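Q: My file is input-v9.cif. It has mmCIF, C-alpha atoms:
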```
data_structure
loop_
_atom_site.group_PDB
_atom_site.id
_atom_site.type_symbol
_atom_site.label_atom_id
_atom_site.label_comp_id
_atom_site.auth_asym_id
_atom_site.auth_seq_id
_atom_site.Cartn_x
_atom_site.Cartn_y
_atom_site.Cartn_z
ATOM 1 C CA MET G 1 -71.622 201.946 -82.272
ATOM 2 C CA ASN G 2 -74.856 203.384 -83.662
ATOM 3 C CA SER G 3 -76.483 202.327 -86.891
ATOM 4 C CA THR G 4 -75.072 205.220 -88.965
ATOM 5 C CA ASP G 5 -71.510 204.221 -87.972
ATOM 6 C CA LYS G 6 -72.196 200.612 -88.910
ATOM 7 C CA LYS G 7 -73.482 201.709 -92.272
ATOM 8 C CA ASP G 8 -70.340 203.827 -92.781
ATOM 9 C CA VAL G 9 -68.071 200.940 -91.909
ATOM 10 C CA ARG G 10 -69.972 198.688 -94.262
ATOM 11 C CA GLY G 11 -69.792 201.304 -96.988
ATOM 12 C CA PHE G 12 -66.069 201.589 -96.428
ATOM 13 C CA LEU G 13 -65.512 197.830 -96.569
ATOM 14 C CA GLU G 14 -67.542 197.617 -99.727
ATOM 15 C CA PHE G 15 -65.366 200.348 -101.153
ATOM 16 C CA VAL G 16 -62.293 198.271 -100.252
ATOM 17 C CA TYR G 17 -63.746 195.323 -102.113
ATOM 18 C CA ASP G 18 -64.545 197.496 -105.142
ATOM 19 C CA PHE G 19 -61.054 198.904 -104.959
ATOM 20 C CA TYR G 20 -59.600 195.394 -104.862
ATOM 21 C CA ARG G 21 -61.726 194.308 -107.828
ATOM 22 C CA SER G 22 -60.814 197.322 -109.831
ATOM 23 C CA MET G 23 -57.120 196.687 -109.121
ATOM 24 C CA LYS G 24 -57.580 193.138 -110.391
ATOM 25 C CA GLU G 25 -59.447 194.369 -113.426
ATOM 26 C CA HIS G 26 -56.597 196.697 -114.323
ATOM 27 C CA GLU G 27 -54.029 194.005 -113.455
ATOM 28 C CA ILE G 28 -52.364 196.269 -110.914
ATOM 29 C CA THR G 29 -49.682 194.463 -108.943
ATOM 30 C CA LEU G 30 -48.414 197.386 -106.912
ATOM 31 C CA VAL G 31 -49.965 200.668 -105.902
ATOM 32 C CA TYR G 32 -48.644 203.244 -103.491
ATOM 33 C CA GLU G 33 -49.587 206.734 -102.418
ATOM 34 C CA GLY G 34 -47.291 208.803 -100.309
ATOM 35 C CA GLU G 35 -43.839 210.141 -99.976
ATOM 36 C CA ILE G 36 -41.361 208.587 -102.403
ATOM 37 C CA THR G 37 -38.041 208.155 -100.652
ATOM 38 C CA HIS G 38 -34.915 206.237 -101.518
ATOM 39 C CA GLN G 39 -35.978 203.473 -99.106
ATOM 40 C CA ILE G 40 -39.339 203.184 -100.885
ATOM 41 C CA THR G 41 -37.581 203.042 -104.250
ATOM 42 C CA LYS G 42 -35.360 200.218 -103.019
ATOM 43 C CA ALA G 43 -38.248 198.321 -101.455
ATOM 44 C CA PHE G 44 -40.459 198.523 -104.568
ATOM 45 C CA THR G 45 -37.746 197.611 -107.022
ATOM 46 C CA SER G 46 -36.615 194.620 -104.989
ATOM 47 C CA LEU G 47 -40.218 193.467 -104.456
ATOM 48 C CA THR G 48 -40.955 193.715 -108.178
ATOM 49 C CA GLU G 49 -37.645 192.061 -109.027
ATOM 50 C CA SER G 50 -38.330 189.065 -106.824
ATOM 51 C CA ASN G 51 -41.880 188.768 -108.189
ATOM 52 C CA MET G 52 -40.602 188.826 -111.761
ATOM 53 C CA ALA G 53 -37.905 186.281 -110.940
ATOM 54 C CA LYS G 54 -40.523 184.009 -109.380
ATOM 55 C CA GLU G 55 -42.663 184.345 -112.495
ATOM 56 C CA GLU G 56 -39.617 183.583 -114.652
ATOM 57 C CA GLU G 57 -39.808 186.809 -116.582
ATOM 58 C CA SER G 58 -36.867 187.129 -118.992
ATOM 59 C CA ASN G 59 -33.749 188.940 -117.773
ATOM 60 C CA THR G 60 -34.170 191.600 -120.418
ATOM 61 C CA VAL G 61 -37.702 192.412 -119.320
ATOM 62 C CA GLN G 62 -36.699 192.352 -115.638
ATOM 63 C CA LYS G 63 -33.898 194.822 -116.267
ATOM 64 C CA LYS G 64 -36.070 197.154 -118.308
ATOM 65 C CA VAL G 65 -38.829 197.195 -115.691
ATOM 66 C CA PHE G 66 -36.203 197.861 -113.012
ATOM 67 C CA HIS G 67 -34.751 200.752 -115.028
ATOM 68 C CA VAL G 68 -38.106 202.368 -115.667
ATOM 69 C CA MET G 69 -39.214 201.993 -112.032
ATOM 70 C CA VAL G 70 -36.050 203.601 -110.694
ATOM 71 C CA GLU G 71 -36.208 206.546 -113.085
ATOM 72 C CA CYS G 72 -39.935 207.130 -112.474
ATOM 73 C CA LEU G 73 -39.601 206.941 -108.690
ATOM 74 C CA GLN G 74 -36.607 209.246 -108.720
ATOM 75 C CA ASN G 75 -38.488 211.701 -110.915
ATOM 76 C CA ILE G 76 -41.077 212.053 -108.176
ATOM 77 C CA SER G 77 -38.663 212.150 -105.275
ATOM 78 C CA LYS G 78 -36.535 214.769 -107.006
ATOM 79 C CA HIS G 79 -39.056 216.814 -108.943
ATOM 80 C CA ALA G 80 -42.510 216.729 -107.355
ATOM 81 C CA ASP G 81 -43.463 220.296 -106.503
ATOM 82 C CA ASP G 82 -44.624 221.475 -103.141
ATOM 83 C CA VAL G 83 -47.889 223.019 -104.222
ATOM 84 C CA GLY G 84 -49.043 223.709 -100.700
ATOM 85 C CA GLU G 85 -52.764 224.162 -100.639
ATOM 86 C CA ASN G 86 -53.642 220.482 -100.291
ATOM 87 C CA ASP G 87 -51.718 218.613 -97.664
ATOM 88 C CA PHE G 88 -51.584 215.407 -99.730
ATOM 89 C CA MET G 89 -49.965 217.221 -102.611
ATOM 90 C CA PHE G 90 -46.704 218.085 -100.988
ATOM 91 C CA SER G 91 -43.219 217.739 -102.281
ATOM 92 C CA GLY G 92 -41.860 214.307 -103.030
ATOM 93 C CA ARG G 93 -45.282 212.649 -102.805
ATOM 94 C CA GLY G 94 -47.335 211.023 -105.453
ATOM 95 C CA ILE G 95 -48.975 207.864 -106.679
ATOM 96 C CA PHE G 96 -46.962 205.000 -108.061
ATOM 97 C CA MET G 97 -48.405 201.994 -109.820
ATOM 98 C CA VAL G 98 -47.185 198.885 -111.592
ATOM 99 C CA ALA G 99 -49.534 196.790 -113.721
ATOM 100 C CA LYS G 100 -48.789 193.502 -115.391
ATOM 101 C CA GLY G 101 -50.762 192.565 -118.464
ATOM 102 C CA LYS G 102 -50.427 189.604 -120.796
ATOM 103 C CA GLU G 103 -48.241 191.529 -123.221
ATOM 104 C CA ASP G 104 -46.668 194.262 -121.173
ATOM 105 C CA TYR G 105 -45.891 195.920 -117.879
ATOM 106 C CA THR G 106 -46.953 199.483 -117.293
ATOM 107 C CA VAL G 107 -45.367 201.782 -114.742
ATOM 108 C CA THR G 108 -47.455 204.838 -113.908
ATOM 109 C CA THR G 109 -46.713 207.823 -111.722
ATOM 110 C CA GLY G 110 -48.794 210.805 -110.717
ATOM 111 C CA ASN G 111 -47.667 213.871 -108.825
ATOM 112 C CA ALA G 112 -48.606 217.489 -108.306
ATOM 113 C CA ILE G 113 -46.695 220.092 -110.234
ATOM 114 C CA ASP G 114 -46.783 223.845 -110.557
ATOM 115 C CA ASN G 115 -48.663 224.965 -113.684
ATOM 116 C CA GLY G 116 -45.631 226.998 -114.692
ATOM 117 C CA ARG G 117 -43.762 223.784 -115.477
ATOM 118 C CA ILE G 118 -46.368 222.232 -117.763
ATOM 119 C CA GLY G 119 -45.095 223.986 -120.891
ATOM 120 C CA ASP G 120 -41.496 222.800 -120.537
ATOM 121 C CA LEU G 121 -42.538 219.283 -119.565
ATOM 122 C CA LYS G 122 -44.869 218.977 -122.584
ATOM 123 C CA THR G 123 -42.193 220.293 -124.942
ATOM 124 C CA MET G 124 -39.623 217.833 -123.577
ATOM 125 C CA LEU G 125 -41.969 214.824 -123.666
ATOM 126 C CA GLU G 126 -43.218 215.661 -127.160
ATOM 127 C CA GLN G 127 -39.660 216.049 -128.399
ATOM 128 C CA ILE G 128 -38.608 212.712 -126.903
ATOM 129 C CA ASN G 129 -41.697 211.004 -128.331
ATOM 130 C CA SER G 130 -40.978 212.372 -131.804
ATOM 131 C CA LEU G 131 -37.427 210.982 -131.968
ATOM 132 C CA ASP G 132 -36.327 207.605 -133.307
ATOM 133 C CA LYS G 133 -33.720 205.393 -131.654
ATOM 134 C CA ASP G 134 -30.647 207.021 -133.215
ATOM 135 C CA GLU G 135 -31.915 210.533 -132.591
ATOM 136 C CA LEU G 136 -32.564 209.625 -128.955
ATOM 137 C CA THR G 137 -29.021 208.327 -128.609
ATOM 138 C CA GLU G 138 -27.747 211.658 -129.931
ATOM 139 C CA MET G 139 -29.972 213.561 -127.521
ATOM 140 C CA TYR G 140 -28.780 211.370 -124.647
ATOM 141 C CA LYS G 141 -25.134 211.956 -125.511
ATOM 142 C CA LYS G 142 -25.672 215.697 -125.819
ATOM 143 C CA GLN G 143 -27.503 215.870 -122.495
ATOM 144 C CA ILE G 144 -25.012 213.734 -120.588
ATOM 145 C CA LYS G 145 -22.144 215.894 -121.863
ATOM 146 C CA GLU G 146 -23.768 219.282 -121.408
ATOM 147 C CA GLY G 147 -26.231 218.733 -118.596
ATOM 148 C CA ARG G 148 -25.227 219.294 -115.013
ATOM 149 C CA LEU G 149 -26.499 217.420 -111.999
ATOM 150 C CA SER G 150 -29.281 219.446 -110.427
ATOM 151 C CA GLU G 151 -29.237 220.227 -106.714
ATOM 152 C CA LYS G 152 -31.407 217.192 -106.079
ATOM 153 C CA GLY G 153 -29.225 214.951 -108.195
ATOM 154 C CA GLY G 154 -31.257 214.759 -111.414
ATOM 155 C CA ALA G 155 -29.292 214.580 -114.640
ATOM 156 C CA GLY G 156 -32.210 215.434 -116.975
ATOM 157 C CA LEU G 157 -31.813 212.040 -118.597
ATOM 158 C CA GLY G 158 -34.652 210.042 -117.041
ATOM 159 C CA PHE G 159 -37.344 210.501 -119.705
ATOM 160 C CA ILE G 160 -34.875 209.997 -122.566
ATOM 161 C CA ASP G 161 -33.642 206.817 -120.944
ATOM 162 C CA ILE G 162 -37.156 205.425 -120.411
ATOM 163 C CA LYS G 163 -38.067 205.898 -124.080
ATOM 164 C CA ARG G 164 -34.739 204.381 -125.155
ATOM 165 C CA LYS G 165 -35.055 201.353 -122.874
ATOM 166 C CA THR G 166 -38.707 200.650 -123.671
ATOM 167 C CA GLY G 167 -38.831 201.789 -127.300
ATOM 168 C CA LYS G 168 -42.304 203.105 -126.528
ATOM 169 C CA ASN G 169 -43.666 206.618 -126.314
ATOM 170 C CA LEU G 170 -44.208 208.159 -122.908
ATOM 171 C CA GLU G 171 -47.940 208.697 -122.446
ATOM 172 C CA TYR G 172 -48.901 211.595 -120.193
ATOM 173 C CA HIS G 173 -51.779 213.706 -119.016
ATOM 174 C CA PHE G 174 -52.228 216.850 -116.944
ATOM 175 C CA LEU G 175 -55.326 217.292 -114.789
ATOM 176 C CA PRO G 176 -56.048 220.621 -113.103
ATOM 177 C CA ILE G 177 -55.920 220.681 -109.295
ATOM 178 C CA SER G 178 -56.275 224.431 -108.881
ATOM 179 C CA GLU G 179 -55.338 227.638 -110.675
ATOM 180 C CA GLN G 180 -51.720 227.171 -109.657
ATOM 181 C CA SER G 181 -51.206 223.443 -109.904
ATOM 182 C CA SER G 182 -51.948 220.309 -111.863
ATOM 183 C CA PHE G 183 -51.647 216.578 -111.432
ATOM 184 C CA PHE G 184 -49.090 215.153 -113.838
ATOM 185 C CA LEU G 185 -49.659 211.542 -114.868
ATOM 186 C CA LEU G 186 -47.084 209.589 -116.817
ATOM 187 C CA THR G 187 -47.205 206.002 -117.963
ATOM 188 C CA SER G 188 -44.458 203.868 -119.495
ATOM 189 C CA THR G 189 -44.984 200.531 -121.188
ATOM 190 C CA ILE G 190 -42.470 197.670 -121.203
ATOM 191 C CA SER G 191 -43.219 194.864 -123.622
ATOM 192 C CA ARG G 192 -43.026 191.331 -122.196
ATOM 193 C CA LEU G 193 -42.575 189.886 -125.673
ATOM 194 C CA SER G 194 -39.022 190.311 -126.829
ATOM 195 C CA MET U 1 -1.142 207.037 -102.436
ATOM 196 C CA GLU U 2 -4.050 206.069 -100.201
ATOM 197 C CA VAL U 3 -6.197 203.165 -101.317
ATOM 198 C CA ILE U 4 -9.955 203.467 -101.788
ATOM 199 C CA LYS U 5 -11.818 200.259 -101.132
ATOM 200 C CA ILE U 6 -15.595 200.495 -100.921
ATOM 201 C CA LEU U 7 -17.729 197.390 -100.508
ATOM 202 C CA GLY U 8 -20.784 197.241 -102.746
ATOM 203 C CA THR U 9 -24.366 197.278 -101.491
ATOM 204 C CA ASP U 10 -27.648 196.727 -103.320
ATOM 205 C CA ASP U 11 -27.614 200.356 -104.427
ATOM 206 C CA THR U 12 -23.962 201.350 -104.478
ATOM 207 C CA PRO U 13 -21.119 199.783 -106.457
ATOM 208 C CA SER U 14 -17.956 198.265 -105.048
ATOM 209 C CA VAL U 15 -15.002 200.493 -105.787
ATOM 210 C CA THR U 16 -11.279 199.738 -105.704
ATOM 211 C CA LEU U 17 -8.737 202.436 -106.437
ATOM 212 C CA ASP U 18 -5.278 201.133 -105.671
ATOM 213 C CA ALA U 19 -2.434 202.761 -107.591
ATOM 214 C CA ALA U 20 0.351 200.656 -106.026
ATOM 215 C CA ASN U 21 -1.265 197.430 -107.222
ATOM 216 C CA SER U 22 -2.595 198.930 -110.468
ATOM 217 C CA ASN U 23 -6.126 198.030 -109.535
ATOM 218 C CA PHE U 24 -8.875 200.395 -110.664
ATOM 219 C CA GLU U 25 -12.389 199.017 -110.659
ATOM 220 C CA ILE U 26 -16.036 199.961 -110.255
ATOM 221 C CA ALA U 27 -18.440 197.027 -110.142
ATOM 222 C CA GLY U 28 -22.034 196.154 -109.356
ATOM 223 C CA ARG U 29 -25.065 198.383 -109.087
ATOM 224 C CA SER U 30 -25.123 202.134 -108.930
ATOM 225 C CA LEU U 31 -28.225 203.998 -107.810
ATOM 226 C CA PRO U 32 -27.047 205.785 -104.680
ATOM 227 C CA GLU U 33 -29.444 208.017 -102.783
ATOM 228 C CA ASP U 34 -27.022 210.920 -103.181
ATOM 229 C CA VAL U 35 -25.046 210.316 -106.354
ATOM 230 C CA ALA U 36 -22.856 213.403 -106.041
ATOM 231 C CA ALA U 37 -21.844 212.562 -102.475
ATOM 232 C CA PHE U 38 -21.032 208.943 -103.362
ATOM 233 C CA TYR U 39 -18.831 209.799 -106.350
ATOM 234 C CA LYS U 40 -17.134 212.877 -104.883
ATOM 235 C CA PRO U 41 -14.285 211.020 -103.092
ATOM 236 C CA ILE U 42 -13.780 208.843 -106.174
ATOM 237 C CA LEU U 43 -13.435 211.828 -108.495
ATOM 238 C CA GLU U 44 -11.156 213.569 -106.013
ATOM 239 C CA TRP U 45 -8.981 210.475 -105.769
ATOM 240 C CA ILE U 46 -8.606 210.350 -109.558
ATOM 241 C CA ASP U 47 -7.747 214.084 -109.616
ATOM 242 C CA LYS U 48 -4.911 213.350 -107.200
ATOM 243 C CA TYR U 49 -3.847 210.198 -109.043
ATOM 244 C CA VAL U 50 -3.430 211.962 -112.398
ATOM 245 C CA GLN U 51 -0.876 214.286 -110.773
ATOM 246 C CA GLY U 52 1.506 211.323 -110.525
ATOM 247 C CA PRO U 53 -0.008 208.427 -112.443
ATOM 248 C CA ASN U 54 1.368 204.952 -113.203
ATOM 249 C CA ALA U 55 2.928 204.460 -116.644
ATOM 250 C CA LYS U 56 -0.163 202.491 -117.610
ATOM 251 C CA THR U 57 -3.688 202.721 -116.184
ATOM 252 C CA VAL U 58 -6.247 199.997 -116.889
ATOM 253 C CA PHE U 59 -9.617 201.025 -115.503
ATOM 254 C CA ASN U 60 -12.283 198.315 -115.202
ATOM 255 C CA PHE U 61 -16.005 198.962 -115.239
ATOM 256 C CA LYS U 62 -18.005 195.883 -114.280
ATOM 257 C CA LEU U 63 -21.413 197.376 -113.758
ATOM 258 C CA ILE U 64 -24.615 195.430 -114.001
ATOM 259 C CA TYR U 65 -26.903 198.399 -113.460
ATOM 260 C CA PHE U 66 -26.636 202.161 -113.145
ATOM 261 C CA ASN U 67 -29.301 204.860 -113.087
ATOM 262 C CA THR U 68 -29.178 207.992 -115.229
ATOM 263 C CA ALA U 69 -27.892 210.154 -112.367
ATOM 264 C CA SER U 70 -24.929 207.760 -112.006
ATOM 265 C CA SER U 71 -24.339 207.763 -115.760
ATOM 266 C CA LYS U 72 -23.325 211.413 -115.530
ATOM 267 C CA MET U 73 -20.806 210.568 -112.778
ATOM 268 C CA LEU U 74 -19.364 207.705 -114.818
ATOM 269 C CA LEU U 75 -18.818 210.143 -117.671
ATOM 270 C CA ASP U 76 -16.989 212.477 -115.276
ATOM 271 C CA ILE U 77 -14.639 209.608 -114.394
ATOM 272 C CA LEU U 78 -14.117 208.736 -118.055
ATOM 273 C CA MET U 79 -13.378 212.357 -118.922
ATOM 274 C CA LYS U 80 -10.631 212.429 -116.311
ATOM 275 C CA LEU U 81 -9.191 209.271 -117.882
ATOM 276 C CA GLU U 82 -9.453 210.956 -121.271
ATOM 277 C CA ASP U 83 -7.395 213.896 -119.956
ATOM 278 C CA LEU U 84 -4.812 211.443 -118.648
ATOM 279 C CA HIS U 85 -4.670 209.788 -122.059
ATOM 280 C CA THR U 86 -4.380 213.177 -123.810
ATOM 281 C CA SER U 87 -1.484 214.071 -121.520
ATOM 282 C CA GLY U 88 0.430 211.160 -123.066
ATOM 283 C CA LYS U 89 -0.025 208.388 -120.507
ATOM 284 C CA GLU U 90 -1.177 204.932 -121.502
ATOM 285 C CA VAL U 91 -4.821 204.418 -120.528
ATOM 286 C CA LEU U 92 -7.200 201.562 -121.250
ATOM 287 C CA VAL U 93 -10.849 201.426 -120.226
ATOM 288 C CA LYS U 94 -12.254 197.914 -119.975
ATOM 289 C CA TRP U 95 -16.025 197.884 -120.092
ATOM 290 C CA HIS U 96 -17.318 194.525 -118.866
ATOM 291 C CA TYR U 97 -21.013 193.826 -119.425
ATOM 292 C CA PRO U 98 -23.263 190.818 -118.944
ATOM 293 C CA GLU U 99 -23.317 189.129 -122.341
ATOM 294 C CA ASP U 100 -27.120 189.040 -122.533
ATOM 295 C CA ASP U 101 -27.459 192.706 -121.656
ATOM 296 C CA GLU U 102 -27.737 194.669 -124.874
ATOM 297 C CA ASP U 103 -28.447 197.948 -123.057
ATOM 298 C CA MET U 104 -25.278 197.718 -120.965
ATOM 299 C CA LYS U 105 -23.256 196.917 -124.062
ATOM 300 C CA GLU U 106 -24.728 199.947 -125.845
ATOM 301 C CA ALA U 107 -23.983 202.123 -122.831
ATOM 302 C CA GLY U 108 -20.327 201.163 -123.204
ATOM 303 C CA GLU U 109 -20.376 201.917 -126.929
ATOM 304 C CA GLU U 110 -21.832 205.343 -126.243
ATOM 305 C CA TYR U 111 -19.205 206.210 -123.672
ATOM 306 C CA ALA U 112 -16.548 205.045 -126.128
ATOM 307 C CA ASP U 113 -18.037 207.487 -128.676
ATOM 308 C CA ILE U 114 -18.154 210.396 -126.264
ATOM 309 C CA VAL U 115 -14.667 210.166 -124.777
ATOM 310 C CA ASP U 116 -11.440 209.860 -126.674
ATOM 311 C CA VAL U 117 -9.729 207.062 -124.783
ATOM 312 C CA PRO U 118 -8.786 203.468 -125.712
ATOM 313 C CA PHE U 119 -11.839 201.399 -124.900
ATOM 314 C CA GLU U 120 -12.292 197.651 -124.782
ATOM 315 C CA GLN U 121 -15.667 195.913 -124.557
ATOM 316 C CA ILE U 122 -15.792 192.574 -122.783
ATOM 317 C CA GLY U 123 -18.947 190.451 -122.704
ATOM 318 C CA LEU U 124 -19.229 188.264 -119.612
ATOM 319 C CA SER U 125 -21.174 185.049 -119.797
#
```
As structure tokens, how would this structure be written, given the file I've shared?

A:
Amino acid sequence: MNSTDKKDVRGFLEFVYDFYRSMKEHEITLVYEGEITHQITKAFTSLTESNMAKEEESNTVQKKVFHVMVECLQNISKHADDVGENDFMFSGRGIFMVAKGKEDYTVTTGNAIDNGRIGDLKTMLEQINSLDKDELTEMYKKQIKEGRLSEKGGAGLGFIDIKRKTGKNLEYHFLPISEQSSFFLLTSTISRLS
Amino acid sequence: MEVIKILGTDDTPSVTLDAANSNFEIAGRSLPEDVAAFYKPILEWIDKYVQGPNAKTVFNFKLIYFNTASSKMLLDILMKLEDLHTSGKEVLVKWHYPEDDEDMKEAGEEYADIVDVPFEQIGLS
């Protein structure tokens, strides 16, 4: 190994330490990048469940976190677009993160989407965020009655359900990847104080 | 009629559909990888059952968790029970929920609002 290689390795290990510290700083308890499959969904939810049980989190909070995790993970596995030009941005992949703060849990997802979908997504999220509890229940009932299961098994109810279960707005952001695609970030907050 | 007996797993519910013994039950957790495929035989069984149903059908839901994709399938089941009720047969849906689970209780109330079928809520401690 020559000296440049050694320096690279050292740089990399220092990056790992920085990465670790920044995870701690943001109270991140789980982070994953890659393909989101059903197996991954099961593994993450059961890992988080057993952690919460160990930490004696209330049943209500445990259930809400479980709900939000499942819906977020399934959103990626069913809806992430295959945007092609970057190999890490292919269908069904994304970043998934759970953070545990003093007052709440946050579940964050990020995945590539086609720019053509941004408009509809924004409209839907803004509509959901603008509704109160009763209005959301009405929207949920309407959607469950009228909506059909998509080819990939989505019922179009995930976002509505997250807002209903958490009582908190869905925060989101779109960052441009290229002319055709963007990175869609979504974060849900579950209060630990109930 | 054939009997459907499916054992539950950590992501699929246990299901019993037994007309001869008047036992109709879905219990546990429902977040199957392929929701449509999991519920297809169940819906088909109910379609057949309503052709020659028992005088009275008591259908028990004892779910502790279901995802939104499953919620659509549960409504499909309830709508078939609604049709059976409309056709003049006696039908009762018993919605069992963990007593401390407000969300699961509300889910039952919502289904009761959507479908026109006798509905009983039972909190389990």

Q: Neighbours of U:Tyr49 within 10 Å (only C-alpha atoms; same-chain residues fewer than 3 positions away dropped), as a PDB file with C-alpha atoms, in the frame of the given file?

A:
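Contents of the output file result.pdb:
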```
ATOM      1  CA  MET U   1      -1.142 207.037-102.436  1.00  0.00           C
ATOM      2  CA  GLU U   2      -4.050 206.069-100.201  1.00  0.00           C
ATOM      3  CA  LEU U  17      -8.737 202.436-106.437  1.00  0.00           C
ATOM      4  CA  ASP U  18      -5.278 201.133-105.671  1.00  0.00           C
ATOM      5  CA  ALA U  19      -2.434 202.761-107.591  1.00  0.00           C
ATOM      6  CA  LEU U  43     -13.435 211.828-108.495  1.00  0.00           C
ATOM      7  CA  GLU U  44     -11.156 213.569-106.013  1.00  0.00           C
ATOM      8  CA  TRP U  45      -8.981 210.475-105.769  1.00  0.00           C
ATOM      9  CA  ILE U  46      -8.606 210.350-109.558  1.00  0.00           C
ATOM     10  CA  GLY U  52       1.506 211.323-110.525  1.00  0.00           C
ATOM     11  CA  PRO U  53      -0.008 208.427-112.443  1.00  0.00           C
ATOM     12  CA  ASN U  54       1.368 204.952-113.203  1.00  0.00           C
ATOM     13  CA  LEU U  84      -4.812 211.443-118.648  1.00  0.00           C
TER      14      LEU U  84
END
```

Q: Let me make sure I understand: among G:Leu73, G:Val107, G:Ala112, G:Leu157, which one has the smallest atom-to-atom distance to chain U if we use only C-alpha atoms?

A: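 Among G:Leu73, G:Val107, G:Ala112, G:Leu157, it is G:Leu157 that comes nearest to chain U.
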
Q: What does the distance from atom CA of U:Asn23 to atom CA of U:Val117 come to in Å, to one decimal?

A: 18.1 Å

Q: Which residues of chain U are close to chain G, meaning at most 10 Å apart when you count all atoms listed in the file, and how do they look as a PyMOL selection string?

A: chain U and resi 10-11+31-37+64-73+75-76+79+100-103+106-107+110-111+113-115

Q: Could those selected residues go to a file with C-alpha atoms, as an mmCIF file, in the frame of the given file?

A:
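Written out: selection-v3.cif:
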```cif
data_model
loop_
_atom_site.group_PDB
_atom_site.id
_atom_site.type_symbol
_atom_site.label_atom_id
_atom_site.label_comp_id
_atom_site.auth_asym_id
_atom_site.auth_seq_id
_atom_site.Cartn_x
_atom_site.Cartn_y
_atom_site.Cartn_z
ATOM 1 C CA ASP U 10 -27.648 196.727 -103.320
ATOM 2 C CA ASP U 11 -27.614 200.356 -104.427
ATOM 3 C CA LEU U 31 -28.225 203.998 -107.810
ATOM 4 C CA PRO U 32 -27.047 205.785 -104.680
ATOM 5 C CA GLU U 33 -29.444 208.017 -102.783
ATOM 6 C CA ASP U 34 -27.022 210.920 -103.181
ATOM 7 C CA VAL U 35 -25.046 210.316 -106.354
ATOM 8 C CA ALA U 36 -22.856 213.403 -106.041
ATOM 9 C CA ALA U 37 -21.844 212.562 -102.475
ATOM 10 C CA ILE U 64 -24.615 195.430 -114.001
ATOM 11 C CA TYR U 65 -26.903 198.399 -113.460
ATOM 12 C CA PHE U 66 -26.636 202.161 -113.145
ATOM 13 C CA ASN U 67 -29.301 204.860 -113.087
ATOM 14 C CA THR U 68 -29.178 207.992 -115.229
ATOM 15 C CA ALA U 69 -27.892 210.154 -112.367
ATOM 16 C CA SER U 70 -24.929 207.760 -112.006
ATOM 17 C CA SER U 71 -24.339 207.763 -115.760
ATOM 18 C CA LYS U 72 -23.325 211.413 -115.530
ATOM 19 C CA MET U 73 -20.806 210.568 -112.778
ATOM 20 C CA LEU U 75 -18.818 210.143 -117.671
ATOM 21 C CA ASP U 76 -16.989 212.477 -115.276
ATOM 22 C CA MET U 79 -13.378 212.357 -118.922
ATOM 23 C CA ASP U 100 -27.120 189.040 -122.533
ATOM 24 C CA ASP U 101 -27.459 192.706 -121.656
ATOM 25 C CA GLU U 102 -27.737 194.669 -124.874
ATOM 26 C CA ASP U 103 -28.447 197.948 -123.057
ATOM 27 C CA GLU U 106 -24.728 199.947 -125.845
ATOM 28 C CA ALA U 107 -23.983 202.123 -122.831
ATOM 29 C CA GLU U 110 -21.832 205.343 -126.243
ATOM 30 C CA TYR U 111 -19.205 206.210 -123.672
ATOM 31 C CA ASP U 113 -18.037 207.487 -128.676
ATOM 32 C CA ILE U 114 -18.154 210.396 -126.264
ATOM 33 C CA VAL U 115 -14.667 210.166 -124.777
#
```

Q: Counting only C-alpha atoms, give me one row per residue of stretch 41-121 of chain G with an atom at most 12 Å from an atom of stretch 16-26 of chain G, showing the shortest contact pair and its distance in Å to one decimal, sorted by chain then residue number, as CSV.

A:
```
residue,atom,partner,partner_atom,distance
G:Met97,CA,G:Met23,CA,10.2
G:Val98,CA,G:His26,CA,10.0
G:Ala99,CA,G:His26,CA,7.1
G:Lys100,CA,G:His26,CA,8.5
G:Gly101,CA,G:His26,CA,8.3
G:Lys102,CA,G:His26,CA,11.4
G:Tyr105,CA,G:His26,CA,11.3
G:Thr106,CA,G:His26,CA,10.5
```

Q: Quick one: which residues end up in the PyMOL selection byres ((chain U and resi 95) around 9) for this structure, as a PDB file with C-alpha atoms, in the coordinates of the input?

A:
```
ATOM      1  CA  PHE U  59      -9.617 201.025-115.503  1.00  0.00           C
ATOM      2  CA  ASN U  60     -12.283 198.315-115.202  1.00  0.00           C
ATOM      3  CA  PHE U  61     -16.005 198.962-115.239  1.00  0.00           C
ATOM      4  CA  LYS U  62     -18.005 195.883-114.280  1.00  0.00           C
ATOM      5  CA  LEU U  63     -21.413 197.376-113.758  1.00  0.00           C
ATOM      6  CA  VAL U  93     -10.849 201.426-120.226  1.00  0.00           C
ATOM      7  CA  LYS U  94     -12.254 197.914-119.975  1.00  0.00           C
ATOM      8  CA  HIS U  96     -17.318 194.525-118.866  1.00  0.00           C
ATOM      9  CA  TYR U  97     -21.013 193.826-119.425  1.00  0.00           C
ATOM     10  CA  LYS U 105     -23.256 196.917-124.062  1.00  0.00           C
ATOM     11  CA  GLY U 108     -20.327 201.163-123.204  1.00  0.00           C
ATOM     12  CA  PHE U 119     -11.839 201.399-124.900  1.00  0.00           C
ATOM     13  CA  GLU U 120     -12.292 197.651-124.782  1.00  0.00           C
ATOM     14  CA  GLN U 121     -15.667 195.913-124.557  1.00  0.00           C
ATOM     15  CA  ILE U 122     -15.792 192.574-122.783  1.00  0.00           C
ATOM     16  CA  GLY U 123     -18.947 190.451-122.704  1.00  0.00           C
TER      17      GLY U 123
END
```

Q: Please, what distance in Å, to one decimal, runs between atom CA of G:Ser50 and atom CA of G:Gln62?

A: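 The value is 9.5 Å.
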
Q: Given the file above and the PyMOL selection byres ((chain G and resi 186-192) around 6), which residues are selected, and can you give them as a list in words?

A: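 Checking the PyMOL selection byres ((chain G and resi 186-192) around 6) against this file, the residues are Glu103, Asp104, Tyr105, Thr106, Val107, Thr108, Thr109, Thr166, Leu170, Glu171, Tyr172, Leu185 and Leu193 of chain G.
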